[in-house]
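**Q** Structure: entry_16.cif, mmCIF, N, CA and C atoms.
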data_structure
#
loop_
_atom_site.label_atom_id
_atom_site.label_comp_id
_atom_site.auth_asym_id
_atom_site.auth_seq_id
_atom_site.Cartn_x
_atom_site.Cartn_y
_atom_site.Cartn_z
N MET E 62 75.83 85.67 184.35
CA MET E 62 74.81 86.25 183.49
C MET E 62 75.02 87.76 183.42
N SER E 63 74.86 88.30 182.25
CA SER E 63 75.07 89.71 182.01
C SER E 63 73.99 90.53 182.70
N SER E 64 74.38 91.74 183.13
CA SER E 64 73.39 92.59 183.79
C SER E 64 72.58 93.39 182.77
N LYS E 65 72.97 93.31 181.49
CA LYS E 65 72.23 94.02 180.46
C LYS E 65 70.83 93.42 180.32
N LYS E 66 69.88 94.30 180.03
CA LYS E 66 68.52 93.85 179.81
C LYS E 66 68.44 93.20 178.44
N GLN E 67 68.04 91.94 178.38
CA GLN E 67 68.01 91.22 177.13
C GLN E 67 66.59 90.76 176.83
N ALA E 68 66.22 90.92 175.57
CA ALA E 68 64.92 90.42 175.14
C ALA E 68 65.01 88.91 174.97
N MET E 69 63.89 88.25 175.13
CA MET E 69 63.86 86.81 174.97
C MET E 69 64.03 86.48 173.49
N ASP E 70 64.94 85.55 173.18
CA ASP E 70 65.18 85.20 171.79
C ASP E 70 64.36 83.98 171.39
N GLY E 71 64.42 83.64 170.10
CA GLY E 71 63.65 82.52 169.58
C GLY E 71 63.96 81.21 170.27
N ARG E 72 65.23 81.00 170.59
CA ARG E 72 65.65 79.78 171.28
C ARG E 72 64.95 79.66 172.64
N GLN E 73 64.91 80.75 173.37
CA GLN E 73 64.26 80.72 174.68
C GLN E 73 62.76 80.52 174.55
N LEU E 74 62.17 81.11 173.52
CA LEU E 74 60.73 80.91 173.30
C LEU E 74 60.43 79.44 173.01
N LEU E 75 61.30 78.79 172.23
CA LEU E 75 61.11 77.37 171.96
C LEU E 75 61.23 76.55 173.24
N ILE E 76 62.18 76.91 174.09
CA ILE E 76 62.34 76.18 175.36
C ILE E 76 61.11 76.38 176.24
N ILE E 77 60.56 77.58 176.24
CA ILE E 77 59.32 77.83 176.98
C ILE E 77 58.21 76.93 176.43
N GLN E 78 58.17 76.77 175.12
CA GLN E 78 57.14 75.93 174.51
C GLN E 78 57.29 74.47 174.96
N THR E 79 58.53 74.00 175.12
CA THR E 79 58.70 72.62 175.61
C THR E 79 58.16 72.49 177.02
N GLN E 80 58.28 73.55 177.81
CA GLN E 80 57.76 73.54 179.17
C GLN E 80 56.24 73.58 179.17
N ILE E 81 55.68 74.41 178.31
CA ILE E 81 54.22 74.52 178.22
C ILE E 81 53.61 73.18 177.81
N MET E 82 54.30 72.50 176.87
CA MET E 82 53.80 71.20 176.40
C MET E 82 54.15 70.07 177.37
N ARG E 83 54.87 70.42 178.44
CA ARG E 83 55.28 69.46 179.46
C ARG E 83 56.06 68.27 178.86
N LEU E 84 56.94 68.60 177.92
CA LEU E 84 57.76 67.57 177.30
C LEU E 84 58.87 67.15 178.25
N PRO E 85 59.06 65.85 178.46
CA PRO E 85 60.23 65.42 179.24
C PRO E 85 61.49 65.73 178.43
N LEU E 86 62.62 65.80 179.10
CA LEU E 86 63.87 66.16 178.44
C LEU E 86 64.14 65.30 177.21
N ALA E 87 63.87 64.00 177.32
CA ALA E 87 64.12 63.07 176.21
C ALA E 87 63.31 63.43 174.95
N LYS E 88 62.20 64.11 175.12
CA LYS E 88 61.40 64.54 173.97
C LYS E 88 61.65 66.01 173.64
N ALA E 89 62.00 66.80 174.64
CA ALA E 89 62.22 68.23 174.43
C ALA E 89 63.42 68.49 173.52
N LEU E 90 64.52 67.77 173.75
CA LEU E 90 65.73 68.01 172.94
C LEU E 90 65.51 67.69 171.46
N PRO E 91 64.91 66.54 171.12
CA PRO E 91 64.62 66.30 169.70
C PRO E 91 63.62 67.30 169.12
N TRP E 92 62.64 67.71 169.91
CA TRP E 92 61.64 68.68 169.44
C TRP E 92 62.34 70.00 169.10
N LEU E 93 63.26 70.43 169.98
CA LEU E 93 64.00 71.66 169.72
C LEU E 93 64.83 71.53 168.44
N GLU E 94 65.45 70.37 168.25
CA GLU E 94 66.27 70.16 167.05
C GLU E 94 65.42 70.23 165.78
N VAL E 95 64.23 69.62 165.82
CA VAL E 95 63.32 69.68 164.67
C VAL E 95 62.95 71.13 164.36
N HIS E 96 62.88 71.96 165.38
CA HIS E 96 62.50 73.35 165.20
C HIS E 96 63.72 74.27 165.03
N GLY E 97 64.87 73.66 164.70
CA GLY E 97 66.03 74.46 164.31
C GLY E 97 67.01 74.82 165.40
N TYR E 98 66.92 74.18 166.56
CA TYR E 98 67.84 74.52 167.63
C TYR E 98 68.33 73.26 168.31
N LYS E 99 69.56 72.87 168.00
CA LYS E 99 70.17 71.71 168.64
C LYS E 99 70.86 72.18 169.92
N ILE E 100 70.59 71.49 171.01
CA ILE E 100 71.11 71.91 172.31
C ILE E 100 71.43 70.67 173.14
N SER E 101 72.44 70.80 173.98
CA SER E 101 72.81 69.70 174.89
C SER E 101 71.91 69.75 176.13
N THR E 102 71.96 68.71 176.92
CA THR E 102 71.19 68.67 178.16
C THR E 102 71.60 69.82 179.09
N SER E 103 72.91 70.00 179.25
CA SER E 103 73.36 71.07 180.14
C SER E 103 72.99 72.44 179.58
N GLY E 104 73.08 72.60 178.26
CA GLY E 104 72.68 73.86 177.64
C GLY E 104 71.20 74.14 177.84
N TYR E 105 70.39 73.09 177.73
CA TYR E 105 68.94 73.22 177.94
C TYR E 105 68.66 73.73 179.36
N TYR E 106 69.31 73.11 180.34
CA TYR E 106 69.08 73.53 181.73
C TYR E 106 69.64 74.93 182.00
N ARG E 107 70.75 75.30 181.35
CA ARG E 107 71.28 76.66 181.51
C ARG E 107 70.27 77.67 180.97
N GLU E 108 69.74 77.39 179.78
CA GLU E 108 68.75 78.29 179.20
C GLU E 108 67.48 78.35 180.05
N LEU E 109 67.08 77.21 180.57
CA LEU E 109 65.90 77.17 181.42
C LEU E 109 66.10 78.03 182.67
N ASP E 110 67.29 77.98 183.25
CA ASP E 110 67.59 78.83 184.41
C ASP E 110 67.52 80.31 184.04
N LYS E 111 68.08 80.67 182.87
CA LYS E 111 68.02 82.07 182.42
C LYS E 111 66.57 82.51 182.26
N ILE E 112 65.78 81.63 181.68
CA ILE E 112 64.36 81.95 181.45
C ILE E 112 63.66 82.15 182.79
N LYS E 113 63.89 81.22 183.71
CA LYS E 113 63.25 81.33 185.03
C LYS E 113 63.67 82.60 185.74
N ASN E 114 64.94 82.97 185.63
CA ASN E 114 65.40 84.22 186.24
C ASN E 114 64.75 85.43 185.59
N SER E 115 64.58 85.40 184.27
CA SER E 115 63.95 86.53 183.60
C SER E 115 62.46 86.59 183.91
N VAL E 116 61.84 85.43 184.14
CA VAL E 116 60.42 85.42 184.52
C VAL E 116 60.25 86.12 185.86
N ASP E 117 61.16 85.83 186.80
CA ASP E 117 61.08 86.49 188.10
C ASP E 117 61.21 88.01 187.93
N LYS E 118 62.16 88.44 187.10
CA LYS E 118 62.35 89.87 186.88
C LYS E 118 61.12 90.46 186.19
N ARG E 119 60.62 89.75 185.19
CA ARG E 119 59.44 90.21 184.47
C ARG E 119 58.25 90.29 185.41
N SER E 120 58.13 89.31 186.30
CA SER E 120 57.03 89.29 187.25
C SER E 120 57.11 90.46 188.22
N MET E 121 58.33 90.79 188.63
CA MET E 121 58.50 91.91 189.55
C MET E 121 58.09 93.22 188.88
N GLU E 122 58.41 93.35 187.60
CA GLU E 122 58.06 94.56 186.87
C GLU E 122 56.56 94.75 186.72
N ILE E 123 55.82 93.65 186.69
CA ILE E 123 54.37 93.76 186.50
C ILE E 123 53.60 93.25 187.73
N ALA E 124 54.27 93.24 188.86
CA ALA E 124 53.68 92.66 190.06
C ALA E 124 52.42 93.37 190.53
N GLN E 125 52.24 94.62 190.12
CA GLN E 125 51.07 95.34 190.60
C GLN E 125 49.77 94.71 190.12
N THR E 126 49.82 93.97 189.05
CA THR E 126 48.62 93.26 188.62
C THR E 126 48.98 91.81 188.33
N GLY E 127 48.43 90.92 189.07
CA GLY E 127 48.66 89.51 188.84
C GLY E 127 48.04 89.02 187.55
N PHE E 128 47.13 89.82 187.02
CA PHE E 128 46.44 89.42 185.79
C PHE E 128 47.38 89.38 184.59
N LEU E 129 48.34 90.28 184.53
CA LEU E 129 49.19 90.36 183.36
C LEU E 129 49.96 89.07 183.12
N GLU E 130 50.57 88.55 184.17
CA GLU E 130 51.33 87.32 183.99
C GLU E 130 50.41 86.16 183.58
N GLN E 131 49.25 86.11 184.18
CA GLN E 131 48.29 85.07 183.83
C GLN E 131 47.90 85.18 182.36
N HIS E 132 47.64 86.39 181.91
CA HIS E 132 47.27 86.57 180.51
C HIS E 132 48.44 86.27 179.58
N MET E 133 49.63 86.63 180.01
CA MET E 133 50.81 86.35 179.18
C MET E 133 51.00 84.84 179.03
N ALA E 134 50.78 84.10 180.11
CA ALA E 134 50.91 82.64 180.03
C ALA E 134 49.85 82.05 179.10
N ARG E 135 48.66 82.60 179.16
CA ARG E 135 47.60 82.12 178.27
C ARG E 135 47.92 82.41 176.81
N ILE E 136 48.45 83.60 176.57
CA ILE E 136 48.83 83.96 175.20
C ILE E 136 49.95 83.05 174.72
N ASP E 137 50.95 82.81 175.57
CA ASP E 137 52.04 81.90 175.20
C ASP E 137 51.49 80.52 174.84
N THR E 138 50.55 80.03 175.63
CA THR E 138 49.95 78.72 175.37
C THR E 138 49.21 78.72 174.04
N LEU E 139 48.43 79.76 173.80
CA LEU E 139 47.70 79.84 172.54
C LEU E 139 48.65 79.92 171.34
N LEU E 140 49.75 80.63 171.51
CA LEU E 140 50.73 80.73 170.42
C LEU E 140 51.39 79.38 170.14
N VAL E 141 51.65 78.61 171.19
CA VAL E 141 52.21 77.27 170.99
C VAL E 141 51.20 76.40 170.24
N ILE E 142 49.95 76.48 170.64
CA ILE E 142 48.91 75.70 169.97
C ILE E 142 48.82 76.11 168.51
N GLU E 143 48.83 77.40 168.26
CA GLU E 143 48.74 77.88 166.88
C GLU E 143 49.94 77.40 166.05
N ARG E 144 51.12 77.46 166.63
CA ARG E 144 52.32 77.01 165.90
C ARG E 144 52.21 75.52 165.55
N GLU E 145 51.77 74.71 166.51
CA GLU E 145 51.61 73.28 166.26
C GLU E 145 50.55 73.02 165.19
N MET E 146 49.48 73.81 165.23
CA MET E 146 48.44 73.65 164.22
C MET E 146 48.99 73.96 162.83
N TRP E 147 49.81 75.01 162.72
CA TRP E 147 50.41 75.34 161.43
C TRP E 147 51.39 74.26 160.99
N ASP E 148 52.18 73.73 161.93
CA ASP E 148 53.09 72.63 161.60
C ASP E 148 52.30 71.44 161.04
N ASN E 149 51.20 71.12 161.70
CA ASN E 149 50.37 70.01 161.23
C ASN E 149 49.73 70.33 159.88
N TYR E 150 49.27 71.56 159.72
CA TYR E 150 48.66 71.98 158.45
C TYR E 150 49.62 71.73 157.29
N HIS E 151 50.88 72.13 157.47
CA HIS E 151 51.86 72.00 156.40
C HIS E 151 52.23 70.54 156.10
N SER E 152 51.94 69.64 157.02
CA SER E 152 52.26 68.23 156.78
C SER E 152 51.09 67.46 156.15
N ILE E 153 49.94 68.10 156.05
CA ILE E 153 48.74 67.45 155.48
C ILE E 153 48.79 67.55 153.95
N GLU E 154 48.56 66.43 153.30
CA GLU E 154 48.58 66.42 151.83
C GLU E 154 47.18 66.48 151.22
N ASP E 155 46.19 65.93 151.91
CA ASP E 155 44.82 65.90 151.39
C ASP E 155 44.23 67.32 151.41
N PRO E 156 43.79 67.85 150.27
CA PRO E 156 43.26 69.23 150.22
C PRO E 156 42.08 69.47 151.15
N PHE E 157 41.18 68.51 151.25
CA PHE E 157 40.01 68.69 152.13
C PHE E 157 40.45 68.78 153.59
N LYS E 158 41.38 67.92 153.98
CA LYS E 158 41.87 67.96 155.36
C LYS E 158 42.64 69.24 155.64
N ARG E 159 43.33 69.77 154.63
CA ARG E 159 44.02 71.05 154.79
C ARG E 159 43.02 72.18 155.04
N ILE E 160 41.89 72.12 154.32
CA ILE E 160 40.85 73.14 154.53
C ILE E 160 40.31 73.05 155.96
N LEU E 161 40.06 71.84 156.43
CA LEU E 161 39.57 71.66 157.80
C LEU E 161 40.60 72.18 158.81
N ALA E 162 41.87 71.89 158.56
CA ALA E 162 42.91 72.38 159.47
C ALA E 162 42.97 73.91 159.44
N ALA E 163 42.89 74.50 158.26
CA ALA E 163 42.91 75.96 158.15
C ALA E 163 41.71 76.57 158.86
N LYS E 164 40.57 75.92 158.74
CA LYS E 164 39.35 76.41 159.41
C LYS E 164 39.55 76.38 160.93
N THR E 165 40.16 75.33 161.42
CA THR E 165 40.41 75.22 162.86
C THR E 165 41.36 76.32 163.33
N ILE E 166 42.37 76.59 162.52
CA ILE E 166 43.31 77.68 162.87
C ILE E 166 42.57 79.01 162.89
N ALA E 167 41.72 79.24 161.92
CA ALA E 167 40.95 80.49 161.87
C ALA E 167 40.01 80.61 163.07
N GLU E 168 39.45 79.49 163.50
CA GLU E 168 38.52 79.51 164.63
C GLU E 168 39.20 79.86 165.95
N MET E 169 40.51 79.66 166.03
CA MET E 169 41.18 79.99 167.29
C MET E 169 41.62 81.46 167.36
N GLN E 170 41.55 82.17 166.24
CA GLN E 170 42.00 83.56 166.22
C GLN E 170 41.23 84.47 167.20
N PRO E 171 39.93 84.31 167.36
CA PRO E 171 39.24 85.15 168.34
C PRO E 171 39.77 84.95 169.77
N TYR E 172 40.22 83.73 170.08
CA TYR E 172 40.79 83.49 171.40
C TYR E 172 42.06 84.31 171.60
N LEU E 173 42.92 84.32 170.58
CA LEU E 173 44.15 85.11 170.66
C LEU E 173 43.83 86.60 170.76
N ALA E 174 42.94 87.07 169.91
CA ALA E 174 42.57 88.49 169.93
C ALA E 174 41.98 88.87 171.28
N GLY E 175 41.12 88.02 171.81
CA GLY E 175 40.52 88.30 173.12
C GLY E 175 41.56 88.36 174.22
N ALA E 176 42.54 87.47 174.17
CA ALA E 176 43.59 87.47 175.19
C ALA E 176 44.41 88.75 175.10
N TYR E 177 44.75 89.16 173.89
CA TYR E 177 45.52 90.40 173.72
C TYR E 177 44.71 91.61 174.19
N ASN E 178 43.43 91.66 173.84
CA ASN E 178 42.59 92.78 174.25
C ASN E 178 42.44 92.85 175.76
N LYS E 179 42.25 91.72 176.40
CA LYS E 179 42.09 91.70 177.85
C LYS E 179 43.38 92.15 178.53
N THR E 180 44.52 91.71 178.01
CA THR E 180 45.80 92.11 178.59
C THR E 180 45.97 93.63 178.47
N ARG E 181 45.63 94.17 177.30
CA ARG E 181 45.74 95.61 177.10
C ARG E 181 44.82 96.35 178.09
N ALA E 182 43.62 95.86 178.29
CA ALA E 182 42.68 96.49 179.22
C ALA E 182 43.23 96.48 180.64
N VAL E 183 43.83 95.36 181.04
CA VAL E 183 44.40 95.27 182.38
C VAL E 183 45.56 96.25 182.53
N MET E 184 46.40 96.34 181.50
CA MET E 184 47.53 97.27 181.56
C MET E 184 47.05 98.72 181.63
N GLU E 185 46.01 99.05 180.87
CA GLU E 185 45.45 100.40 180.92
C GLU E 185 44.88 100.71 182.31
N LYS E 186 44.21 99.74 182.89
CA LYS E 186 43.65 99.92 184.23
C LYS E 186 44.77 100.11 185.25
N GLN E 187 45.85 99.33 185.09
CA GLN E 187 47.00 99.46 185.99
C GLN E 187 47.59 100.86 185.89
N ALA E 188 47.75 101.38 184.68
CA ALA E 188 48.31 102.72 184.49
C ALA E 188 47.40 103.77 185.11
N GLU E 189 46.09 103.58 184.94
CA GLU E 189 45.12 104.51 185.51
C GLU E 189 45.21 104.51 187.05
N MET E 190 45.28 103.33 187.64
CA MET E 190 45.36 103.22 189.11
C MET E 190 46.67 103.82 189.62
N LYS E 191 47.77 103.59 188.89
CA LYS E 191 49.06 104.14 189.31
C LYS E 191 49.03 105.66 189.24
N SER E 192 48.44 106.20 188.17
CA SER E 192 48.34 107.64 188.01
C SER E 192 47.50 108.25 189.14
N LYS E 193 46.38 107.61 189.46
CA LYS E 193 45.51 108.10 190.53
C LYS E 193 46.24 108.05 191.86
N PHE E 194 46.98 106.96 192.11
CA PHE E 194 47.73 106.83 193.35
C PHE E 194 48.76 107.95 193.47
N LEU E 195 49.49 108.21 192.38
CA LEU E 195 50.51 109.26 192.42
C LEU E 195 49.88 110.62 192.61
N THR E 196 48.75 110.89 191.96
CA THR E 196 48.06 112.17 192.09
C THR E 196 47.58 112.34 193.54
N ASP E 197 46.98 111.30 194.12
CA ASP E 197 46.48 111.38 195.48
C ASP E 197 47.61 111.51 196.49
N THR E 198 48.77 110.91 196.20
CA THR E 198 49.90 110.97 197.11
C THR E 198 50.55 112.34 197.08
N ILE E 199 50.69 112.89 195.87
CA ILE E 199 51.35 114.19 195.73
C ILE E 199 50.42 115.33 196.12
N GLN E 200 49.15 115.24 195.75
CA GLN E 200 48.17 116.28 196.05
C GLN E 200 46.97 115.66 196.74
N PRO E 201 47.10 115.32 198.03
CA PRO E 201 45.96 114.70 198.72
C PRO E 201 44.75 115.63 198.74
N ASN E 202 43.58 115.02 198.74
CA ASN E 202 42.34 115.80 198.81
C ASN E 202 42.31 116.58 200.09
N SER E 203 41.87 117.80 200.01
CA SER E 203 41.82 118.67 201.20
C SER E 203 40.41 118.77 201.74
N LYS E 204 39.66 117.70 201.58
CA LYS E 204 38.27 117.70 202.07
C LYS E 204 38.21 117.45 203.52
#
If you took the structure in this file and wrote it as structure tokens, what would it be?

**A**
Amino acid sequence: MSSKKQAMDGRQLLIIQTQIMRLPLAKALPWLEVHGYKISTSGYYRELDKIKNSVDKRSMEIAQTGFLEQHMARIDTLLVIEREMWDNYHSIEDPFKRILAAKTIAEMQPYLAGAYNKTRAVMEKQAEMKSKFLTDTIQPNSK
């Protein structure tokens, strides 16, 4: 594996989605193919290993707050749900049922927004605590 820092690509995000949905391998591979990525069993496990290794690295980078990873997992789950809802929406032919599906998608948007806002608040609090720690360490109170 390269030592260069790599962003997660669409293929890896799809593989994460198969894990979130708890798809067994026999269902994960066809699901990936339907979503535009054909992969072998060994390729799937190689990518899964890369993802798991990057999760460890990502976790170490944000280890100061356990909340961030938890919120990221929740956001990932909500995004998978939203994607599936859109996939289902596009397969519906009845106009009334499409409206109901669209309404359901709209109703989940506050959950996504709330998750993003909470994550931002946690990150801001982390930065504030780190700044205070550095200030107190470099210039301890002389009381």

**Q** Could you check which of E:Leu139, E:Ile76, E:Val95, E:Leu86 is closest to Ile112 (chain E), using only C-alpha atoms?

**A**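 Between E:Leu139, E:Ile76, E:Val95, E:Leu86, the residue approaching Ile112 (chain E) most closely is E:Ile76.
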
**Q** Under the rule that only C-alpha atoms are counted, which of E:Ile153, E:Met184, E:Ile100, E:Met146 is the nearest residue to Ile166 (chain E)?

**A** E:Met146

**Q** For Leu173 (chain E), list every protein, DNA or RNA residue within 10 Å, evaluated using only C-alpha atoms, and leave out those in the same chain fewer than 6 positions away; present the list as a ChimeraX atom specification.

**A** /E:135-140,143,179

**Q** Record the distance separating atom N of Met82 (chain E) and atom C of Met133 (chain E), expressed in Å with one decimal.

**A**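 Separation between atom N of Met82 (chain E) and atom C of Met133 (chain E): 13.0 Å.
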
**Q** Around all of region 88-91 of chain E's listed atoms, make the axis-aligned box with 6 Å on each side and tell me centre and edge lengths in Å to one decimal, as JSON.

**A**
{"center_x": 63.6, "center_y": 66.3, "center_z": 172.1, "size_x": 16.3, "size_y": 16.4, "size_z": 18.0}

**Q** How far is it from CA of Gln78 (chain E) to CA of Val141 (chain E), in Å with one decimal?

**A**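 A separation of 6.2 Å between them.
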
**Q** Using all atoms listed in the file, which residue out of E:Phe157, E:Ser152, E:Tyr177, E:Arg72 lies closest to Tyr98 (chain E)?

**A**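 That would be E:Arg72, the residue with the smallest distance to Tyr98 (chain E).
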
**Q** For CA of Leu93 (chain E) and CA of Thr79 (chain E), determine how far apart the two atoms are, in Å to one decimal place.

**A**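 Between CA of Leu93 (chain E) and CA of Thr79 (chain E) the gap works out to 8.0 Å.
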
**Q** Determine the residue membership of the PyMOL selection byres (((chain E and resi 70 and name CA) around 12) and name CA) for the file above and supply it as a PDB file with N, CA and C atoms, keeping the file's coordinate frame.

**A**
ATOM      1  N   GLN E  67      68.040  91.940 178.380  1.00  0.00           N
ATOM      2  CA  GLN E  67      68.010  91.220 177.130  1.00  0.00           C
ATOM      3  C   GLN E  67      66.590  90.760 176.830  1.00  0.00           C
ATOM      4  N   ALA E  68      66.220  90.920 175.570  1.00  0.00           N
ATOM      5  CA  ALA E  68      64.920  90.420 175.140  1.00  0.00           C
ATOM      6  C   ALA E  68      65.010  88.910 174.970  1.00  0.00           C
ATOM      7  N   MET E  69      63.890  88.250 175.130  1.00  0.00           N
ATOM      8  CA  MET E  69      63.860  86.810 174.970  1.00  0.00           C
ATOM      9  C   MET E  69      64.030  86.480 173.490  1.00  0.00           C
ATOM     10  N   GLY E  71      64.420  83.640 170.100  1.00  0.00           N
ATOM     11  CA  GLY E  71      63.650  82.520 169.580  1.00  0.00           C
ATOM     12  C   GLY E  71      63.960  81.210 170.270  1.00  0.00           C
ATOM     13  N   ARG E  72      65.230  81.000 170.590  1.00  0.00           N
ATOM     14  CA  ARG E  72      65.650  79.780 171.280  1.00  0.00           C
ATOM     15  C   ARG E  72      64.950  79.660 172.640  1.00  0.00           C
ATOM     16  N   GLN E  73      64.910  80.750 173.370  1.00  0.00           N
ATOM     17  CA  GLN E  73      64.260  80.720 174.680  1.00  0.00           C
ATOM     18  C   GLN E  73      62.760  80.520 174.550  1.00  0.00           C
ATOM     19  N   LEU E  74      62.170  81.110 173.520  1.00  0.00           N
ATOM     20  CA  LEU E  74      60.730  80.910 173.300  1.00  0.00           C
ATOM     21  C   LEU E  74      60.430  79.440 173.010  1.00  0.00           C
ATOM     22  N   LEU E  75      61.300  78.790 172.230  1.00  0.00           N
ATOM     23  CA  LEU E  75      61.110  77.370 171.960  1.00  0.00           C
ATOM     24  C   LEU E  75      61.230  76.550 173.240  1.00  0.00           C
ATOM     25  N   ILE E  76      62.180  76.910 174.090  1.00  0.00           N
ATOM     26  CA  ILE E  76      62.340  76.180 175.360  1.00  0.00           C
ATOM     27  C   ILE E  76      61.110  76.380 176.240  1.00  0.00           C
ATOM     28  N   ILE E  77      60.560  77.580 176.240  1.00  0.00           N
ATOM     29  CA  ILE E  77      59.320  77.830 176.980  1.00  0.00           C
ATOM     30  C   ILE E  77      58.210  76.930 176.430  1.00  0.00           C
ATOM     31  N   TYR E  98      66.920  74.180 166.560  1.00  0.00           N
ATOM     32  CA  TYR E  98      67.840  74.520 167.630  1.00  0.00           C
ATOM     33  C   TYR E  98      68.330  73.260 168.310  1.00  0.00           C
ATOM     34  N   GLU E 108      69.740  77.390 179.780  1.00  0.00           N
ATOM     35  CA  GLU E 108      68.750  78.290 179.200  1.00  0.00           C
ATOM     36  C   GLU E 108      67.480  78.350 180.050  1.00  0.00           C
ATOM     37  N   LYS E 111      68.080  80.670 182.870  1.00  0.00           N
ATOM     38  CA  LYS E 111      68.020  82.070 182.420  1.00  0.00           C
ATOM     39  C   LYS E 111      66.570  82.510 182.260  1.00  0.00           C
ATOM     40  N   ILE E 112      65.780  81.630 181.680  1.00  0.00           N
ATOM     41  CA  ILE E 112      64.360  81.950 181.450  1.00  0.00           C
ATOM     42  C   ILE E 112      63.660  82.150 182.790  1.00  0.00           C
ATOM     43  N   SER E 115      64.580  85.400 184.270  1.00  0.00           N
ATOM     44  CA  SER E 115      63.950  86.530 183.600  1.00  0.00           C
ATOM     45  C   SER E 115      62.460  86.590 183.910  1.00  0.00           C
TER      46      SER E 115
END

**Q** From the set E:Leu90, E:Ala163, E:Thr102, E:His132, which residue has the shortest atom-to-atom contact distance to Asn178 (chain E), counting only C-alpha atoms?

**A**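 Distance minimum relative to Asn178 (chain E) lands on E:His132.
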